[in-house]
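Dropping entry-v6.txt in here (compact mmCIF, C-alpha atoms):
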```
# COMPACT_ATOMS: atom_id res chain seq x y z
CA MET A 1 3.63 -15.29 30.15
CA ARG A 2 0.17 -14.61 31.56
CA ARG A 3 -1.77 -11.68 30.16
CA LEU A 4 -3.08 -8.89 32.37
CA VAL A 5 -6.49 -7.60 31.20
CA VAL A 6 -7.97 -4.38 32.59
CA ILE A 7 -11.76 -4.27 32.36
CA GLU A 8 -13.59 -1.00 32.97
CA PHE A 9 -17.08 0.41 32.66
CA LEU A 10 -16.79 4.06 31.62
CA SER A 11 -19.18 6.90 31.07
CA LEU A 12 -18.62 8.87 27.87
CA ASP A 13 -16.53 11.30 29.90
CA GLY A 14 -14.30 8.54 31.26
CA VAL A 15 -15.71 8.16 34.76
CA TYR A 16 -15.25 4.68 36.24
CA GLN A 17 -16.59 5.41 39.72
CA ALA A 18 -19.32 3.20 41.21
CA PRO A 19 -20.88 1.72 38.07
CA GLY A 20 -22.81 -1.00 39.88
CA ASP A 21 -24.43 0.36 42.99
CA PRO A 22 -25.48 3.66 44.61
CA ASP A 23 -23.38 3.00 47.72
CA GLU A 24 -20.43 1.41 45.92
CA ASP A 25 -18.24 4.52 46.17
CA ARG A 26 -19.53 7.92 47.24
CA GLU A 27 -16.08 9.54 47.48
CA GLY A 28 -16.16 13.18 46.45
CA GLY A 29 -19.93 13.22 46.98
CA PHE A 30 -20.49 11.06 43.91
CA ALA A 31 -24.27 10.65 43.57
CA PHE A 32 -24.54 8.62 40.36
CA GLY A 33 -23.54 5.21 41.73
CA GLY A 34 -25.20 2.41 39.78
CA TRP A 35 -25.14 4.37 36.51
CA GLN A 36 -24.07 1.35 34.44
CA ARG A 37 -26.96 -0.92 35.49
CA PRO A 38 -29.55 0.23 32.93
CA TYR A 39 -27.05 -0.50 30.15
CA PHE A 40 -26.27 -4.11 31.04
CA ASP A 41 -27.26 -6.38 28.14
CA GLU A 42 -26.55 -9.78 26.60
CA VAL A 43 -23.69 -8.47 24.45
CA LEU A 44 -21.77 -7.33 27.51
CA GLY A 45 -22.85 -10.43 29.42
CA GLY A 46 -21.60 -12.71 26.64
CA MET A 47 -18.23 -10.96 26.51
CA ALA A 48 -17.94 -11.15 30.29
CA VAL A 49 -18.62 -14.89 30.31
CA GLU A 50 -16.04 -15.42 27.55
CA GLY A 51 -13.54 -13.30 29.46
CA MET A 52 -14.06 -15.13 32.75
CA ALA A 53 -13.50 -18.49 31.02
CA ARG A 54 -10.01 -17.28 30.04
CA THR A 55 -9.22 -15.82 33.48
CA ASP A 56 -8.01 -17.69 36.54
CA ALA A 57 -6.89 -14.82 38.72
CA GLN A 58 -8.24 -11.39 39.63
CA LEU A 59 -6.11 -8.52 40.84
CA PHE A 60 -7.60 -5.65 42.84
CA GLY A 61 -6.61 -2.37 44.37
CA ARG A 62 -7.49 -2.16 48.04
CA LYS A 63 -10.61 -0.01 47.69
CA THR A 64 -12.19 -2.09 44.94
CA PHE A 65 -11.28 -5.27 46.81
CA GLU A 66 -13.07 -4.11 49.97
CA LYS A 67 -16.25 -3.29 48.01
CA MET A 68 -16.19 -6.60 46.18
CA ALA A 69 -15.37 -8.62 49.31
CA ALA A 70 -18.38 -7.12 51.08
CA TYR A 71 -20.73 -8.08 48.26
CA TRP A 72 -19.82 -11.22 46.33
CA PRO A 73 -19.44 -13.84 49.08
CA ASN A 74 -23.15 -13.31 49.85
CA ALA A 75 -24.39 -13.07 46.26
CA PRO A 76 -26.62 -15.83 44.80
CA GLU A 77 -24.45 -18.83 43.93
CA ALA A 78 -26.12 -19.25 40.56
CA ASP A 79 -24.80 -15.85 39.44
CA PRO A 80 -21.93 -16.55 37.04
CA TYR A 81 -19.99 -13.51 38.29
CA ALA A 82 -20.34 -14.67 41.90
CA ASP A 83 -19.21 -18.16 40.95
CA HIS A 84 -16.15 -16.78 39.17
CA LEU A 85 -15.18 -14.10 41.66
CA ASN A 86 -15.66 -16.26 44.75
CA ASN A 87 -13.71 -19.21 43.38
CA VAL A 88 -10.91 -17.60 41.42
CA GLN A 89 -7.48 -16.82 42.91
CA LYS A 90 -7.58 -13.20 44.07
CA TYR A 91 -4.72 -10.78 44.69
CA VAL A 92 -5.10 -7.44 46.41
CA ALA A 93 -2.33 -4.83 46.37
CA SER A 94 -2.23 -3.23 49.81
CA THR A 95 0.37 -2.37 52.41
CA THR A 96 -2.29 -1.73 55.07
CA LEU A 97 -4.71 -4.69 54.88
CA ARG A 98 -4.08 -7.22 57.65
CA ASP A 99 -4.59 -10.94 57.12
CA GLU A 100 -7.43 -10.97 59.67
CA ASP A 101 -9.26 -8.28 57.62
CA VAL A 102 -9.33 -10.58 54.61
CA THR A 103 -12.05 -13.20 54.83
CA TRP A 104 -12.89 -13.60 51.11
CA GLN A 105 -11.65 -17.07 50.18
CA HIS A 106 -8.68 -17.58 47.84
CA THR A 107 -7.24 -14.11 48.47
CA THR A 108 -3.55 -13.24 48.74
CA VAL A 109 -2.46 -9.79 49.89
CA LEU A 110 0.46 -8.37 47.88
CA ARG A 111 2.41 -6.39 50.47
CA GLY A 112 5.72 -6.02 48.67
CA ASP A 113 6.54 -3.80 45.71
CA VAL A 114 3.41 -4.17 43.63
CA VAL A 115 5.27 -3.97 40.32
CA ASP A 116 7.68 -6.74 41.30
CA GLU A 117 4.88 -8.86 42.71
CA ILE A 118 2.80 -8.60 39.56
CA ARG A 119 5.77 -9.30 37.30
CA ARG A 120 6.35 -12.45 39.32
CA ILE A 121 2.68 -13.53 39.07
CA LYS A 122 2.64 -12.87 35.32
CA GLU A 123 5.59 -15.25 34.93
CA GLN A 124 3.74 -18.08 36.66
CA ALA A 125 1.83 -20.64 34.62
CA GLY A 126 -1.83 -19.77 34.27
CA GLN A 127 -4.52 -18.02 32.32
CA ASN A 128 -5.35 -14.32 32.19
CA ILE A 129 -5.21 -12.05 35.22
CA GLY A 130 -8.22 -9.71 35.32
CA VAL A 131 -8.41 -6.25 36.84
CA LEU A 132 -11.80 -4.66 37.53
CA GLY A 133 -12.16 -1.02 38.60
CA SER A 134 -9.09 -0.33 40.79
CA GLY A 135 -8.30 2.96 39.09
CA ASN A 136 -5.29 3.87 41.24
CA LEU A 137 -3.75 0.47 40.61
CA VAL A 138 -4.42 0.76 36.86
CA LYS A 139 -2.27 3.88 36.77
CA THR A 140 0.64 1.96 38.32
CA LEU A 141 0.09 -0.99 35.97
CA ALA A 142 -0.09 1.23 32.89
CA ASP A 143 2.97 3.29 33.81
CA ASN A 144 4.99 0.10 34.32
CA ASP A 145 3.92 -1.59 31.06
CA LEU A 146 2.15 -4.40 32.87
CA VAL A 147 -1.17 -4.19 31.01
CA ASP A 148 -1.63 -6.46 27.97
CA GLU A 149 -5.23 -5.56 27.15
CA TYR A 150 -7.82 -2.94 28.01
CA ASP A 151 -11.48 -3.93 27.65
CA LEU A 152 -13.39 -0.67 27.92
CA ALA A 153 -17.19 -0.56 27.89
CA VAL A 154 -18.15 3.04 27.15
CA TYR A 155 -21.76 3.97 27.84
CA PRO A 156 -23.85 6.79 26.36
CA LEU A 157 -24.08 9.11 29.28
CA VAL A 158 -22.10 12.06 30.52
CA LEU A 159 -21.66 12.20 34.30
CA GLY A 160 -19.63 15.42 34.46
CA SER A 161 -18.01 14.50 37.77
CA GLY A 162 -16.47 11.46 39.42
CA LYS A 163 -13.18 9.61 39.25
CA ARG A 164 -11.82 9.44 35.73
CA LEU A 165 -9.69 6.58 34.53
CA PHE A 166 -6.15 7.30 33.34
CA THR A 167 -5.80 10.56 35.30
CA GLY A 168 -2.09 11.25 35.62
CA VAL A 169 -1.05 8.24 33.56
CA GLU A 170 2.04 8.75 31.41
CA MET A 171 1.35 9.33 27.70
CA ARG A 172 0.98 6.03 25.91
CA THR A 173 -0.19 4.84 22.52
CA LEU A 174 -2.46 1.83 22.08
CA GLU A 175 -3.92 -0.20 19.22
CA LEU A 176 -7.62 -0.88 18.77
CA THR A 177 -8.06 -4.64 18.31
CA ASP A 178 -11.86 -5.01 18.55
CA SER A 179 -14.94 -2.83 18.62
CA ARG A 180 -18.56 -3.87 19.16
CA THR A 181 -21.74 -2.07 20.09
CA THR A 182 -24.23 -3.25 22.69
CA THR A 183 -28.02 -3.18 22.35
CA THR A 184 -28.08 -0.29 24.84
CA GLY A 185 -25.78 2.10 23.00
CA GLY A 186 -22.57 1.02 24.66
CA VAL A 187 -19.36 0.49 22.74
CA LEU A 188 -17.04 -2.32 23.79
CA LEU A 189 -13.53 -1.31 22.81
CA THR A 190 -10.51 -3.59 23.11
CA TYR A 191 -7.00 -2.15 23.04
CA ARG A 192 -3.50 -3.48 23.46
CA PRO A 193 -0.29 -1.49 23.93
CA ALA A 194 1.12 -0.26 20.60
CA ARG A 195 4.09 -2.32 19.46
CA MET B 1 -34.98 24.31 13.50
CA ARG B 2 -31.27 24.15 12.71
CA ARG B 3 -29.24 21.40 14.33
CA LEU B 4 -26.21 22.15 16.45
CA VAL B 5 -23.45 19.54 15.98
CA VAL B 6 -20.47 19.35 18.34
CA ILE B 7 -17.40 17.76 16.75
CA GLU B 8 -14.47 16.75 18.93
CA PHE B 9 -11.22 14.84 18.61
CA LEU B 10 -10.61 13.02 21.88
CA SER B 11 -7.87 10.89 23.31
CA LEU B 12 -9.05 7.69 24.99
CA ASP B 13 -9.00 9.57 28.30
CA GLY B 14 -11.22 12.34 26.96
CA VAL B 15 -8.66 15.07 26.35
CA TYR B 16 -9.63 17.51 23.57
CA GLN B 17 -6.74 19.94 24.00
CA ALA B 18 -4.61 20.90 20.97
CA PRO B 19 -5.24 17.96 18.64
CA GLY B 20 -3.83 19.63 15.56
CA ASP B 21 -0.64 21.46 16.36
CA PRO B 22 2.11 21.60 19.01
CA ASP B 23 1.51 25.30 19.66
CA GLU B 24 -2.27 25.19 19.36
CA ASP B 25 -2.85 25.35 23.12
CA ARG B 26 -0.10 24.91 25.70
CA GLU B 27 -2.26 25.92 28.67
CA GLY B 28 -1.33 23.96 31.80
CA GLY B 29 2.01 23.07 30.23
CA PHE B 30 0.36 20.71 27.72
CA ALA B 31 3.16 19.18 25.67
CA PHE B 32 1.24 16.78 23.42
CA GLY B 33 -0.20 19.30 20.95
CA GLY B 34 -0.69 17.74 17.53
CA TRP B 35 -1.47 14.30 18.97
CA GLN B 36 -4.33 13.69 16.55
CA ARG B 37 -2.31 14.22 13.36
CA PRO B 38 -0.89 10.68 13.00
CA TYR B 39 -4.43 9.31 13.17
CA PHE B 40 -5.98 11.37 10.38
CA ASP B 41 -7.25 9.06 7.62
CA GLU B 42 -9.73 8.86 4.76
CA VAL B 43 -12.57 7.61 6.97
CA LEU B 44 -12.39 10.72 9.14
CA GLY B 45 -11.77 12.88 6.08
CA GLY B 46 -14.84 11.47 4.33
CA MET B 47 -17.05 12.08 7.35
CA ALA B 48 -15.70 15.60 7.69
CA VAL B 49 -16.46 16.41 4.05
CA GLU B 50 -20.00 15.01 4.44
CA GLY B 51 -20.44 17.01 7.63
CA MET B 52 -19.21 20.27 6.09
CA ALA B 53 -21.64 19.85 3.17
CA ARG B 54 -24.52 19.90 5.68
CA THR B 55 -23.13 22.84 7.69
CA ASP B 56 -23.44 26.53 6.84
CA ALA B 57 -22.37 28.08 10.14
CA GLN B 58 -19.64 27.47 12.68
CA LEU B 59 -19.85 28.53 16.30
CA PHE B 60 -16.72 28.98 18.41
CA GLY B 61 -15.69 29.79 21.93
CA ARG B 62 -13.28 32.68 22.10
CA LYS B 63 -10.09 30.67 22.62
CA THR B 64 -10.73 28.23 19.78
CA PHE B 65 -11.78 31.10 17.53
CA GLU B 66 -8.53 32.95 18.10
CA LYS B 67 -6.46 29.85 17.26
CA MET B 68 -8.49 29.16 14.12
CA ALA B 69 -8.53 32.80 12.99
CA ALA B 70 -4.73 32.88 13.20
CA TYR B 71 -4.36 29.80 11.03
CA TRP B 72 -7.07 29.24 8.43
CA PRO B 73 -7.11 32.55 6.53
CA ASN B 74 -3.53 31.79 5.45
CA ALA B 75 -3.98 28.07 4.77
CA PRO B 76 -3.79 26.72 1.19
CA GLU B 77 -7.03 27.54 -0.62
CA ALA B 78 -7.27 24.06 -2.07
CA ASP B 79 -7.65 22.60 1.43
CA PRO B 80 -11.34 21.67 1.82
CA TYR B 81 -11.30 22.67 5.50
CA ALA B 82 -9.84 26.06 4.67
CA ASP B 83 -12.44 26.57 1.96
CA HIS B 84 -15.25 25.71 4.35
CA LEU B 85 -14.00 27.54 7.42
CA ASN B 86 -13.00 30.70 5.58
CA ASN B 87 -16.27 31.00 3.67
CA VAL B 88 -18.89 29.81 6.14
CA GLN B 89 -20.75 32.15 8.49
CA LYS B 90 -18.88 32.16 11.81
CA TYR B 91 -20.10 33.06 15.29
CA VAL B 92 -17.84 33.54 18.28
CA ALA B 93 -19.20 33.77 21.81
CA SER B 94 -17.22 36.44 23.63
CA THR B 95 -17.90 39.45 25.80
CA THR B 96 -14.31 40.69 25.47
CA LEU B 97 -13.44 40.48 21.76
CA ARG B 98 -13.65 43.89 20.06
CA ASP B 99 -14.75 44.26 16.46
CA GLU B 100 -11.31 45.50 15.45
CA ASP B 101 -9.77 42.28 16.83
CA VAL B 102 -11.86 40.20 14.44
CA THR B 103 -10.47 40.15 10.93
CA TRP B 104 -11.53 36.65 9.83
CA GLN B 105 -14.20 37.19 7.18
CA HIS B 106 -17.87 36.33 7.79
CA THR B 107 -17.55 36.47 11.57
CA THR B 108 -20.16 37.77 14.02
CA VAL B 109 -19.31 38.24 17.69
CA LEU B 110 -22.11 37.09 20.04
CA ARG B 111 -21.85 39.56 22.92
CA GLY B 112 -25.26 39.03 24.54
CA ASP B 113 -26.44 36.07 26.58
CA VAL B 114 -24.92 33.20 24.65
CA VAL B 115 -27.82 30.85 25.32
CA ASP B 116 -30.37 33.35 24.01
CA GLU B 117 -28.19 34.19 21.02
CA ILE B 118 -27.78 30.57 20.03
CA ARG B 119 -31.48 29.80 20.48
CA ARG B 120 -32.19 32.68 18.12
CA ILE B 121 -29.66 31.44 15.54
CA LYS B 122 -31.04 27.90 15.72
CA GLU B 123 -34.49 29.26 14.87
CA GLN B 124 -33.22 30.93 11.70
CA ALA B 125 -33.46 29.13 8.36
CA GLY B 126 -30.29 27.29 7.49
CA GLN B 127 -28.31 24.11 7.67
CA ASN B 128 -26.34 22.67 10.59
CA ILE B 129 -24.32 24.79 12.99
CA GLY B 130 -20.98 23.18 13.76
CA VAL B 131 -18.90 23.50 16.91
CA LEU B 132 -15.24 22.47 16.90
CA GLY B 133 -13.18 22.28 20.10
CA SER B 134 -14.50 25.13 22.28
CA GLY B 135 -14.72 22.99 25.41
CA ASN B 136 -15.93 25.73 27.76
CA LEU B 137 -18.69 26.67 25.34
CA VAL B 138 -19.69 23.00 24.92
CA LYS B 139 -20.39 22.83 28.66
CA THR B 140 -22.78 25.78 28.37
CA LEU B 141 -24.42 24.31 25.26
CA ALA B 142 -24.84 20.87 26.86
CA ASP B 143 -26.22 22.21 30.12
CA ASN B 144 -28.79 24.27 28.20
CA ASP B 145 -29.96 21.45 25.92
CA LEU B 146 -28.69 23.21 22.81
CA VAL B 147 -26.70 20.31 21.35
CA ASP B 148 -28.46 18.07 18.82
CA GLU B 149 -25.55 15.81 17.94
CA TYR B 150 -22.09 14.91 19.23
CA ASP B 151 -19.59 13.57 16.70
CA LEU B 152 -16.73 12.23 18.79
CA ALA B 153 -13.58 10.82 17.20
CA VAL B 154 -11.83 8.82 19.93
CA TYR B 155 -8.21 7.90 19.24
CA PRO B 156 -6.13 5.04 20.69
CA LEU B 157 -3.83 6.93 22.96
CA VAL B 158 -3.87 7.93 26.60
CA LEU B 159 -2.52 11.41 27.28
CA GLY B 160 -2.96 11.38 31.07
CA SER B 161 -3.18 15.17 31.29
CA GLY B 162 -4.80 18.02 29.42
CA LYS B 163 -8.25 19.57 29.20
CA ARG B 164 -10.97 16.97 29.29
CA LEU B 165 -14.28 17.43 27.56
CA PHE B 166 -17.46 17.44 29.64
CA THR B 167 -15.73 18.41 32.90
CA GLY B 168 -18.41 19.83 35.18
CA VAL B 169 -21.25 19.19 32.75
CA GLU B 170 -24.57 18.22 34.35
CA MET B 171 -25.40 14.51 34.20
CA ARG B 172 -27.06 13.71 30.90
CA THR B 173 -28.03 10.59 28.98
CA LEU B 174 -27.42 10.23 25.25
CA GLU B 175 -28.20 7.72 22.51
CA LEU B 176 -25.58 6.19 20.22
CA THR B 177 -26.76 6.66 16.63
CA ASP B 178 -23.66 5.62 14.67
CA SER B 179 -20.31 3.97 15.25
CA ARG B 180 -17.46 3.45 12.78
CA THR B 181 -13.80 2.65 13.10
CA THR B 182 -11.03 4.41 11.21
CA THR B 183 -8.03 2.74 9.57
CA THR B 184 -5.85 4.14 12.36
CA GLY B 185 -7.70 2.65 15.33
CA GLY B 186 -10.00 5.59 15.94
CA VAL B 187 -13.68 5.16 16.69
CA LEU B 188 -16.13 7.69 15.30
CA LEU B 189 -19.10 7.79 17.65
CA THR B 190 -22.26 9.77 16.97
CA TYR B 191 -24.67 10.57 19.80
CA ARG B 192 -27.86 12.54 20.19
CA PRO B 193 -29.58 13.56 23.43
CA ALA B 194 -31.76 10.75 24.82
CA ARG B 195 -35.45 11.33 24.13
```
Step by step, read the file and then write its structure as structure tokens.
Amino acid sequence: MRRLVVIEFLSLDGVYQAPGDPDEDREGGFAFGGWQRPYFDEVLGGMAVEGMARTDAQLFGRKTFEKMAAYWPNAPEADPYADHLNNVQKYVASTTLRDEDVTWQHTTVLRGDVVDEIRRIKEQAGQNIGVLGSGNLVKTLADNDLVDEYDLAVYPLVLGSGKRLFTGVEMRTLELTDSRTTTTGGVLLTYRPAR
Amino acid sequence: MRRLVVIEFLSLDGVYQAPGDPDEDREGGFAFGGWQRPYFDEVLGGMAVEGMARTDAQLFGRKTFEKMAAYWPNAPEADPYADHLNNVQKYVASTTLRDEDVTWQHTTVLRGDVVDEIRRIKEQAGQNIGVLGSGNLVKTLADNDLVDEYDLAVYPLVLGSGKRLFTGVEMRTLELTDSRTTTTGGVLLTYRPAR
């Protein structure tokens, strides 16, 4: 059974919105896009490279997919994230995306019941399935017990507004399996569902 | 200058509501009161005892004060928290509490401008001033640069609803100064304002 790993950059108040770029997601008037950039360091980078080596599929919600698909195909090839994201099998959960809207290579649109589709993909042979951002999808995944690991990078700033992860998720207990600090005051927390 | 230390128990999704008791705070229909209890351990207890030894005043918002004042005066005297909380100087920020409503010993009601009052108290000789819970007050303290340290105990459960700390706070960068894990999967994170 493949493992589904949710990876999120969070502010100390749990905001996951637009960590990478000012224009990544301005919904709700969010003006702090790119907030995670000053905190990127070799500890996070090392964990990301390790994680990508264990991952042969990425699953996205529609909004996150559209942002990523607009950026990564044109990113420098030498970038390890570009190499991974452009070449890995990608799934996007969307009932509205048309095939002709999807030009990012190796992408499959999941149009059926997303829970059934993901159960089916998890039963296929393969490595980990990664999820980046995609907060609405994470709620569905969490509520249906489809998440095997949460890798949360929590950074030392309070944003005070923005989309917060886990809003409306059903109550759920987890277990902490790893904890590291970055050189920039981040904490990298790994959880799995409580047994 | 005395240091103001904000101490919070948080779920992984940043909820600070009613950690200790089912009936502590049911506002918004919150049904998870007492969620922190299974996670209490000797690591947290040790840090709390150290913290209390450096603290000779506690500052509360009105709601948290009323919950605490209803509980601690009748708690077993041998309890180190009861000993501290009952005997320390207490301040409660409230324009509505009347003196006759306040029976918990060593309590002063701050009825003036809370920011001015707390600046004045911080300038007095003394040890640390602690703040427990009091989420609305924490917003005012944070936005007015009155917090010197945040001690956040983050526990491995997602509540999905409830009052979240830092909602509406102005954007603010911090520095991580300490990080420990508890035996129950909690992470004890200490922050100070970024210089």
TODO: Find the residues in chain A near chain B: any atom within 6 Å counts, using only C-alpha atoms. Write them as an NGL selection string.
DONE: :A and (156-161 or 166-176 or 185)
Save out the residues we just selected, C-alpha atoms, as an mmCIF file, in the frame of the given file.
```cif
data_model
loop_
_atom_site.group_PDB
_atom_site.id
_atom_site.type_symbol
_atom_site.label_atom_id
_atom_site.label_comp_id
_atom_site.auth_asym_id
_atom_site.auth_seq_id
_atom_site.Cartn_x
_atom_site.Cartn_y
_atom_site.Cartn_z
ATOM 1 C CA PRO A 156 -23.850 6.790 26.360
ATOM 2 C CA LEU A 157 -24.080 9.110 29.280
ATOM 3 C CA VAL A 158 -22.100 12.060 30.520
ATOM 4 C CA LEU A 159 -21.660 12.200 34.300
ATOM 5 C CA GLY A 160 -19.630 15.420 34.460
ATOM 6 C CA SER A 161 -18.010 14.500 37.770
ATOM 7 C CA PHE A 166 -6.150 7.300 33.340
ATOM 8 C CA THR A 167 -5.800 10.560 35.300
ATOM 9 C CA GLY A 168 -2.090 11.250 35.620
ATOM 10 C CA VAL A 169 -1.050 8.240 33.560
ATOM 11 C CA GLU A 170 2.040 8.750 31.410
ATOM 12 C CA MET A 171 1.350 9.330 27.700
ATOM 13 C CA ARG A 172 0.980 6.030 25.910
ATOM 14 C CA THR A 173 -0.190 4.840 22.520
ATOM 15 C CA LEU A 174 -2.460 1.830 22.080
ATOM 16 C CA GLU A 175 -3.920 -0.200 19.220
ATOM 17 C CA LEU A 176 -7.620 -0.880 18.770
ATOM 18 C CA GLY A 185 -25.780 2.100 23.000
#
```
Where's the centre, and what are the edge lengths in Å to one decimal, of a box along x, y and z enclosing all listed atoms of region 57-67 of chain B padded 8 Å per side, as JSON?
```
{"center_x": -14.4, "center_y": 30.2, "center_z": 16.4, "size_x": 31.9, "size_y": 21.5, "size_z": 28.5}
```
Nearby residues (all atoms listed in the file) at most 8 Å from region 50-55 of chain B, same-chain spacing under 3 positions excluded, as a short mmCIF file (atom, residue, chain, number, x, y, z; two decimals) with C-alpha atoms, in the frame of the given file:
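The new file out_23.cif reads:
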```cif
data_model
loop_
_atom_site.label_atom_id
_atom_site.label_comp_id
_atom_site.auth_asym_id
_atom_site.auth_seq_id
_atom_site.Cartn_x
_atom_site.Cartn_y
_atom_site.Cartn_z
CA GLY B 46 -14.84 11.47 4.33
CA MET B 47 -17.05 12.08 7.35
CA GLN B 58 -19.64 27.47 12.68
CA HIS B 84 -15.25 25.71 4.35
CA GLN B 127 -28.31 24.11 7.67
CA ASN B 128 -26.34 22.67 10.59
CA ILE B 129 -24.32 24.79 12.99
CA GLY B 130 -20.98 23.18 13.76
#
```
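In this structure, CA of Thr108 (chain A) sits 9.6 Å away from CA of Leu59 (chain A).
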TODO: Work out how far apart CA of Arg37 (chain B) and CA of Tyr71 (chain B) are and give it in Å to one decimal.
DONE: 15.9 Å
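You will find CA of Arg120 (chain A) at 26.4 Å from CA of Tyr81 (chain A).
By chain and then residue number, the residues within 12 Å of Met68 (chain B) are B:Ala18, B:Gly20, B:Asp21, B:Glu24, B:Asp25, B:Gln58, B:Leu59, B:Phe60, B:Gly61, B:Arg62, B:Asn74, B:Ala75, B:Tyr81, B:Ala82, B:Leu85, B:Asn86, B:Lys90, B:Val92, B:Val102, B:Thr103, B:Trp104, B:Thr107, B:Leu132, B:Gly133, B:Ser134, counting all atoms listed in the file and disregarding those fewer than 6 positions away in sequence.
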Next, write the just-selected residues to a file, as a compact mmCIF listing (two decimals), in the frame of the given file, keeping C-alpha atoms as the atom set.
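This is the output file selection_9.txt:
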```txt
# COMPACT_ATOMS: atom_id res chain seq x y z
CA ALA B 18 -4.61 20.90 20.97
CA GLY B 20 -3.83 19.63 15.56
CA ASP B 21 -0.64 21.46 16.36
CA GLU B 24 -2.27 25.19 19.36
CA ASP B 25 -2.85 25.35 23.12
CA GLN B 58 -19.64 27.47 12.68
CA LEU B 59 -19.85 28.53 16.30
CA PHE B 60 -16.72 28.98 18.41
CA GLY B 61 -15.69 29.79 21.93
CA ARG B 62 -13.28 32.68 22.10
CA ASN B 74 -3.53 31.79 5.45
CA ALA B 75 -3.98 28.07 4.77
CA TYR B 81 -11.30 22.67 5.50
CA ALA B 82 -9.84 26.06 4.67
CA LEU B 85 -14.00 27.54 7.42
CA ASN B 86 -13.00 30.70 5.58
CA LYS B 90 -18.88 32.16 11.81
CA VAL B 92 -17.84 33.54 18.28
CA VAL B 102 -11.86 40.20 14.44
CA THR B 103 -10.47 40.15 10.93
CA TRP B 104 -11.53 36.65 9.83
CA THR B 107 -17.55 36.47 11.57
CA LEU B 132 -15.24 22.47 16.90
CA GLY B 133 -13.18 22.28 20.10
CA SER B 134 -14.50 25.13 22.28
```
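The closest residue to Met1 (chain B), picked from B:Leu146, B:Val131, B:Ala125, B:Leu141 and counting only C-alpha atoms, is B:Ala125.
Of the residues under consideration (B:Thr64, B:Gln89, B:Thr96, B:Gln124), B:Thr64 shows the shortest atom-to-atom contact distance to Val138 (chain B) when counting only C-alpha atoms.
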Task: Counting only C-alpha atoms, the residue of B:Asp83, B:Arg2, B:Glu123, B:Ala70 that sits nearest Asp101 (chain B) - done: B:Ala70
